[in-house]
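Structure first, then comments.
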Number of protein chains: 2
Amino acid sequence: MDVRAVSQLSRPAPRPTDVGGLFQLLRDGLPRTRADLALLTGQARSTVAARVDLLLASGLVAPAGEASSTGGRPPATFAFSPSTRILLAVDLGATHARLAVTDLASTVLAEHHEALAIADGPDAVLDRVAAIGTKLVEQAGRTMGELAAVGVGLPGPVEHSTGRPTNPPIMPGWDDADVPGMLRHLLGAPVLVDNDVNIMALGEHWAEFPDVDHLLFVKVATGIGAGVISDGQIRRGAQGAAGDLGHIAVPGGKALLCRCGNTGCLEALASGRAVAVALSAEGIPATSSADVVALVRAGNVAASHAVREAGRTIGGVLAACVSMLNPSVIVIGGNLAEAGESLLAGIREVVYRRSLPLATQHLRIVASRTTGRAGILGASAMAADHVLSPAAIEALIP
Amino acid sequence: MDVRAVSQLSRPAPRPTDVGGLFQLLRDGLPRTRADLALLTGQARSTVAARVDLLLASGLVAPAGEASSTGGRPPATFAFSPSTRILLAVDLGATHARLAVTDLASTVLAEHHEALAIADGPDAVLDRVAAIGTKLVEQAGRTMGELAAVGVGLPGPVEHSTGRPTNPPIMPGWDDADVPGMLRHLLGAPVLVDNDVNIMALGEHWAEFPDVDHLLFVKVATGIGAGVISDGQIRRGAQGAAGDLGHIAVPGGKALLCRCGNTGCLEALASGRAVAVALSAEGIPATSSADVVALVRAGNVAASHAVREAGRTIGGVLAACVSMLNPSVIVIGGNLAEAGESLLAGIREVVYRRSLPLATQHLRIVASRTTGRAGILGASAMAADHVLSPAAIEALIP
């Protein structure tokens, strides 16, 4: 056994040696020749050629013209063909629904947004989702037969292995509902479900930070939650409850009662709702996160001050997360982030003061760049990962 | 494309289709027939038979007798043969060195423990490590030529990709030292390095909780640190600084100055050293974590009380970690854990009070079960993972 050629290294990824593995190399959309693929995989030209033929037959890979040549006949190139099938992405909030039909590369083909109360319960909400979804597929000029999978984000804890909500506090009637089964019955395609913040983390990561391995996405809106990406993958924890920032006790925080029954939780002190409550106690009319954002945008100094203070409070908890997880990017999303720089400034101030230099020297804290689309992009990316996984691709090949 | 057979599922692992992948199925040590392996992999009997022959030739797999048969000639079984090569496991603390020679399944063949000051610097310490290691190999009745890899744990931050310490606070002279290069020069085998708490987390996970996917190992000694295992793997974060619990601000904690320059850090309030300082301020003679443990064991009530209070303080920070990571097991190790139930009781009290029910309903908080061997077991497991990775196995096969 001679493995002495290396002295220290990250665990090398297994070389893809099958059709599903070969396909993963093409998912970035770049055209490649058979020779490129043979070089990337270390496999024989003949093996690669046979596998490319299988992928061409499946329609997932298509000819992409000729490569430039240094002489002789230029070799043919092949690329991922993401338009073969479509995905339905569904982002459900407490009071809204956003849906999109995308291709397999998560490019949006048709999109819809409307007010929809999650409290109407699973039957009413999922019927409406199926109706909008069917209409969007038609709008995109596609058919339901082309639908490969559905990705759904829900505003509460979800057991990822079954896709069922688990005691979701703001989703009456949804506890243990068979969301995948119900939607599959309505739409005829496999359904993947996760909580909304994980979906947003996936979407932001997929769209804006694909090369970042350690990312924390924090949603600051009516509530506060986070999605954890570590070593490039979302980490859900043992019960799918990872990232539940909202009920962490704030260092040095006031003992305000939280809806969870504890006192001093982050959400009770620094969510959009908490800031609105604090402002209205000062005689400034505000009842929601959106009201707070409107006040800040209108130049209300007390509101800006309150949002910055909320940022500092959030920063205290995020400093602990930085010590625990050592991310290189923290993305701040949710509607309170639309209040502009005040929130970020407060967060940055405390995180950079409270964390160790090793963990902050390359840390960026930025506002979400997906302008409200993180949820649908993430739901689409989750569905695509399911449809295009090595095992799913293998299953296509006779 | 028909992937509709499933509606919601975890990402399926790619099926092992190569020799390295096939070997992973045998790493648990159980004997299997060619037919078992064909069933597990979905590969043709002839393919499996050819790959088993390659593994037999490498010596990593050996015949393991005959399976029971329902009639006819009983089929031959094969199993991982971990004694083919040896590993050296090195656990260096601030003032001690523990070394072991193990086989490829991390079974200890020879072991040594001695006082060794990390502050003596890399040249002196690594020379001593090489000398002890060489002697242990001989004691185990093996030769240096059989040494496949070396795993090392260091008491400070380590950049995992290079194996170099990064500004380690208690390791003067070690900053950016090429530990893998120096040790490889002395021992002639590849060297993997990580910080001591990650190594302990790996060891505890490997030896006691192999089926637990989400585990937090917390070391409470002179300092406080943690190793994070999520989805079955150690998570090191962007700079290898993940799990750095010691400098998280304690919710509601006193503003004691910490050696890091901040105030109110967990380590300044609840480490073994902090408890010793607090006790000596009360007139009880104690200067170290070990003194505190001795006092508790001798029935000193003030010491028991102080340790339980330290547990509560640690519990406040661990409650935040539970919300962030949703582990199913938290293991408490380090020498202050040897003070018995006081520390655990304080930790449990606060974690179960401060965390959400979803995250604590199946959470166990337990004392380390590896009795001081977590470090060497983890160093050995890290080295074994390197030597036996699918890519390393592939590289053996012509």
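Chain labels run A, B, ... following the order of the structure tokens; each chain numbers its residues from 1, and ligands are numbered from 1 in the order shown.
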
- Item | Thr47 in chain B surroundings by only C-alpha atoms, 10 Å radius, close-in-sequence under 4 positions cut, as a ChimeraX atom specification | /B:17-19,34,38,43,51-52

Residue selection dump (N, CA and C atoms) as a compact mmCIF listing (two decimals), in the first residue's frame:
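The resulting file, result-v1.txt, is shown below:
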# COMPACT_ATOMS: atom_id res chain seq x y z
N THR B 17 -19.56 1.90 -7.03
CA THR B 17 -19.45 1.12 -8.25
C THR B 17 -18.01 0.79 -8.57
N ASP B 18 -17.10 1.13 -7.63
CA ASP B 18 -15.70 0.86 -7.90
C ASP B 18 -15.11 0.07 -6.74
N VAL B 19 -13.85 -0.25 -6.83
CA VAL B 19 -13.21 -1.07 -5.80
C VAL B 19 -13.19 -0.34 -4.46
N ARG B 34 -19.72 -13.03 -1.75
CA ARG B 34 -19.80 -12.29 -3.01
C ARG B 34 -21.25 -11.95 -3.33
N ALA B 38 -22.93 -8.36 -4.03
CA ALA B 38 -23.67 -8.08 -5.27
C ALA B 38 -25.03 -7.49 -4.94
N GLN B 43 -24.57 -4.64 -8.23
CA GLN B 43 -23.67 -4.93 -9.34
C GLN B 43 -23.73 -6.41 -9.72
N ARG B 51 -13.64 -7.50 -8.35
CA ARG B 51 -13.19 -6.48 -7.40
C ARG B 51 -12.76 -7.08 -6.07
N VAL B 52 -13.46 -8.12 -5.63
CA VAL B 52 -13.04 -8.82 -4.41
C VAL B 52 -11.64 -9.40 -4.60

- Message: For a quick test of understanding: name the residues of chain A lying within 6 Å of chain B when counting only C-alpha atoms, and present them as a PyMOL selection string.
- Response: chain A and resi 4+7-10+14+161-162+189-192+237-238+241-244+248+250-252+320+323-328+390-391

Output file for the residues above (C-alpha atoms, as a PDB file, in the first residue's frame):
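Contents of selection-v6.pdb, freshly written:
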ATOM      1  CA  ARG A   4       2.569   8.324   0.847  1.00  0.00           C
ATOM      2  CA  SER A   7       1.082  14.272   3.534  1.00  0.00           C
ATOM      3  CA  GLN A   8      -2.031  16.264   4.470  1.00  0.00           C
ATOM      4  CA  LEU A   9      -5.113  16.783   2.411  1.00  0.00           C
ATOM      5  CA  SER A  10      -8.839  17.164   2.474  1.00  0.00           C
ATOM      6  CA  PRO A  14     -14.605   9.601  -5.080  1.00  0.00           C
ATOM      7  CA  SER A 161     -37.253  12.732   5.700  1.00  0.00           C
ATOM      8  CA  THR A 162     -41.083  12.674   5.519  1.00  0.00           C
ATOM      9  CA  ALA A 189     -44.844  14.512  -9.430  1.00  0.00           C
ATOM     10  CA  PRO A 190     -42.528  13.822  -6.461  1.00  0.00           C
ATOM     11  CA  VAL A 191     -42.598  16.551  -3.809  1.00  0.00           C
ATOM     12  CA  LEU A 192     -39.721  17.734  -1.587  1.00  0.00           C
ATOM     13  CA  GLY A 237     -29.806  18.542  12.437  1.00  0.00           C
ATOM     14  CA  ALA A 238     -31.402  15.523  14.080  1.00  0.00           C
ATOM     15  CA  ALA A 241     -34.640  22.040  13.760  1.00  0.00           C
ATOM     16  CA  ALA A 242     -31.110  23.355  13.094  1.00  0.00           C
ATOM     17  CA  GLY A 243     -30.858  27.110  12.541  1.00  0.00           C
ATOM     18  CA  ASP A 244     -33.616  27.960  15.006  1.00  0.00           C
ATOM     19  CA  ILE A 248     -31.652  31.726  21.698  1.00  0.00           C
ATOM     20  CA  VAL A 250     -29.632  37.131  24.070  1.00  0.00           C
ATOM     21  CA  PRO A 251     -26.412  37.876  25.984  1.00  0.00           C
ATOM     22  CA  GLY A 252     -27.298  40.763  28.312  1.00  0.00           C
ATOM     23  CA  ALA A 320     -21.955  32.887  19.005  1.00  0.00           C
ATOM     24  CA  SER A 323     -17.688  30.893  16.964  1.00  0.00           C
ATOM     25  CA  MET A 324     -19.645  27.651  16.581  1.00  0.00           C
ATOM     26  CA  LEU A 325     -19.773  27.351  12.780  1.00  0.00           C
ATOM     27  CA  ASN A 326     -17.020  29.600  11.377  1.00  0.00           C
ATOM     28  CA  PRO A 327     -18.924  30.608   8.198  1.00  0.00           C
ATOM     29  CA  SER A 328     -17.262  32.789   5.562  1.00  0.00           C
ATOM     30  CA  PRO A 390     -26.465  10.423  -9.356  1.00  0.00           C
ATOM     31  CA  ALA A 391     -28.878   7.732  -8.142  1.00  0.00           C
TER      32      ALA A 391
END

- Select from range 200-379 of chain B everything DSSP, run on the backbone, classes as strand (DSSP E), then give the selection as an MDAnalysis selection string. chainID B and resid 215:220 224:230 233:234 329:333 364:367

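By chain and then residue number, the residues within 7 Å of range 274-291 of chain A are Ala221, Thr222, Ala268, Leu269, Ala303, Ala306, Val307, Asn335 and Leu336 of chain A, counting only C-alpha atoms and disregarding those fewer than 5 positions away in sequence.
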
- Task: Using only C-alpha atoms, determine which residues lie at most 9 Å from Gly173 in chain A, disregarding the query and same-chain residues fewer than 6 positions distant; provide the list as a ChimeraX atom specification.
- Result: /A:119-122

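With distances restricted to only C-alpha atoms, B:Ala177 is the closest residue to Leu126 in chain B from B:Gly272, B:Leu266, B:Met144, B:Ala177.
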